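Below is one structure; the comments refer to it alone.
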Amino acid sequence: FPVTIFTSCDGTFAGYDIELTSRIVNKVGIPVIASGGAGSYQHTVDVIKKAGASAVAAASIFHFTECTPKEAKKTLAQNGIPVRSDQLN
């Protein structure tokens, strides 16, 4: 089972807690899902590339902004991060 990280960044749109996520990724030997703080598509890329998260969870960014899951997936894919491609077209 993966570990999901919920942080005090949740709902802030200020980005995921890169430092905390990185520390957890380096301590556990299982996938880590970062959750809490996404305010831009780049935030999802950053927590995967900089902190080593295996996946991201996001909600407020889609409920309270013009951002969409489809565009988030496109951004991840454009940055070399594997996504399910069934919804990219």
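Identifiers for the structure tokens are assigned positionally: chains receive A, B, ... in sequence, residues are indexed from 1 per chain, and ligands are indexed from 1 in the order shown.
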
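Omitting Ile81 of chain A and its sequence neighbours fewer than 2 positions away, and counting only C-alpha atoms, the residues within 10 Å are Val45, Ile48, Lys49, Ser54, Ala55, Lys73, Lys74, Thr75, Leu76, Ala77, Gln78, Asn79 and Val83 of chain A.
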
Write the selection just made, keeping all heavy atoms, as a tab-separated table (two decimals), in the first residue's frame?
chain	number	residue	atom	x	y	z
A	45	VAL	N	4.45	18.73	-10.89
A	45	VAL	CA	5.72	18.31	-11.49
A	45	VAL	C	6.83	18.38	-10.44
A	45	VAL	O	7.62	17.44	-10.28
A	45	VAL	CB	6.07	19.18	-12.72
A	45	VAL	CG1	7.48	18.88	-13.21
A	45	VAL	CG2	5.04	19.00	-13.82
A	48	ILE	N	7.02	15.62	-7.72
A	48	ILE	CA	7.47	14.34	-8.26
A	48	ILE	C	8.95	14.38	-8.59
A	48	ILE	O	9.72	13.51	-8.19
A	48	ILE	CB	6.63	13.94	-9.50
A	48	ILE	CG1	5.19	13.62	-9.06
A	48	ILE	CG2	7.25	12.76	-10.22
A	48	ILE	CD1	4.22	13.43	-10.20
A	49	LYS	N	9.38	15.42	-9.30
A	49	LYS	CA	10.78	15.50	-9.74
A	49	LYS	C	11.74	15.89	-8.62
A	49	LYS	O	12.84	15.35	-8.53
A	49	LYS	CB	10.91	16.48	-10.89
A	49	LYS	CG	10.24	15.96	-12.16
A	49	LYS	CD	10.89	16.52	-13.38
A	49	LYS	CE	10.39	15.76	-14.58
A	49	LYS	NZ	11.34	15.76	-15.65
A	54	SER	N	5.74	9.40	-5.84
A	54	SER	CA	5.34	8.47	-6.90
A	54	SER	C	4.11	8.97	-7.64
A	54	SER	O	3.89	8.61	-8.79
A	54	SER	CB	5.03	7.10	-6.30
A	54	SER	OG	6.16	6.59	-5.64
A	55	ALA	N	3.30	9.76	-6.94
A	55	ALA	CA	2.05	10.27	-7.52
A	55	ALA	C	1.62	11.50	-6.72
A	55	ALA	O	2.18	11.78	-5.66
A	55	ALA	CB	0.96	9.20	-7.47
A	73	LYS	N	-2.61	16.48	-16.39
A	73	LYS	CA	-2.00	15.28	-16.97
A	73	LYS	C	-1.10	15.63	-18.16
A	73	LYS	O	-0.02	15.07	-18.31
A	73	LYS	CB	-3.08	14.29	-17.42
A	73	LYS	CG	-3.70	13.52	-16.30
A	73	LYS	CD	-4.68	12.51	-16.87
A	73	LYS	CE	-4.91	11.39	-15.89
A	73	LYS	NZ	-5.58	10.25	-16.51
A	74	LYS	N	-1.54	16.57	-18.97
A	74	LYS	CA	-0.73	16.98	-20.11
A	74	LYS	C	0.60	17.57	-19.64
A	74	LYS	O	1.65	17.29	-20.21
A	74	LYS	CB	-1.47	18.00	-20.97
A	74	LYS	CG	-2.51	17.39	-21.87
A	74	LYS	CD	-3.13	18.46	-22.77
A	74	LYS	CE	-4.17	17.86	-23.68
A	74	LYS	NZ	-4.80	18.87	-24.55
A	75	THR	N	0.54	18.41	-18.61
A	75	THR	CA	1.76	19.02	-18.09
A	75	THR	C	2.71	17.97	-17.54
A	75	THR	O	3.91	18.02	-17.79
A	75	THR	CB	1.42	20.06	-17.00
A	75	THR	OG1	0.59	21.07	-17.57
A	75	THR	CG2	2.67	20.68	-16.41
A	76	LEU	N	2.17	17.01	-16.79
A	76	LEU	CA	3.00	15.93	-16.27
A	76	LEU	C	3.66	15.16	-17.41
A	76	LEU	O	4.87	14.91	-17.40
A	76	LEU	CB	2.17	14.99	-15.38
A	76	LEU	CG	1.71	15.59	-14.05
A	76	LEU	CD1	0.65	14.70	-13.41
A	76	LEU	CD2	2.89	15.79	-13.11
A	77	ALA	N	2.87	14.80	-18.41
A	77	ALA	CA	3.39	14.04	-19.55
A	77	ALA	C	4.46	14.83	-20.30
A	77	ALA	O	5.49	14.27	-20.69
A	77	ALA	CB	2.25	13.65	-20.49
A	78	GLN	N	4.25	16.14	-20.48
A	78	GLN	CA	5.22	16.98	-21.17
A	78	GLN	C	6.54	17.08	-20.40
A	78	GLN	O	7.57	17.41	-20.97
A	78	GLN	CB	4.64	18.38	-21.40
A	78	GLN	CG	3.54	18.40	-22.43
A	78	GLN	CD	2.77	19.71	-22.44
A	78	GLN	OE1	2.89	20.54	-21.53
A	78	GLN	NE2	1.95	19.89	-23.46
A	79	ASN	N	6.47	16.79	-19.11
A	79	ASN	CA	7.67	16.84	-18.26
A	79	ASN	C	8.26	15.45	-18.02
A	79	ASN	O	9.05	15.26	-17.11
A	79	ASN	CB	7.35	17.53	-16.94
A	79	ASN	CG	7.31	19.02	-17.09
A	79	ASN	OD1	8.34	19.69	-17.02
A	79	ASN	ND2	6.13	19.58	-17.34
A	83	VAL	N	1.73	9.15	-17.18
A	83	VAL	CA	0.33	9.30	-16.79
A	83	VAL	C	-0.50	8.33	-17.64
A	83	VAL	O	-0.05	7.89	-18.70
A	83	VAL	CB	-0.20	10.74	-17.00
A	83	VAL	CG1	0.53	11.72	-16.10
A	83	VAL	CG2	-0.09	11.17	-18.45

Backbone-only DSSP, helix (DSSP H, G or I) members of chain A, as a PyMOL selection string: chain A and resi 18-27+41-49+60-63+69-78+85-87

Atom-to-atom span, atom CA of Ile61 of chain A and atom CA of Ser35 of chain A, Å: 11.6 Å

How many Å separate atom CA of Asp10 of chain A from atom CA of Ser85 of chain A?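 One can read the atom CA of Asp10 of chain A to atom CA of Ser85 of chain A distance as 27.0 Å.
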
Nearest to Phe62 of chain A by atom-to-atom distance, counting only C-alpha atoms, from A:Val32, A:Glu19, A:Ala38, A:Val47: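 The closest residue to Phe62 of chain A is A:Ala38.
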
From the set A:Asp86, A:Gly15, A:Ile24, A:Thr65, which residue has the shortest atom-to-atom contact distance to Ala51 of chain A, counting only C-alpha atoms?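 That would be A:Ile24, the residue with the smallest distance to Ala51 of chain A.
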
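Nearest to Tyr41 of chain A of all the residues A:Ala72, A:Cys9, A:Ala59, A:Val28 is A:Ala72, counting only C-alpha atoms.
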
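Considering only C-alpha atoms, the residue among A:Arg23, A:Gly80, A:Thr12, A:Pro31 positioned nearest to Ala58 of chain A is A:Thr12.
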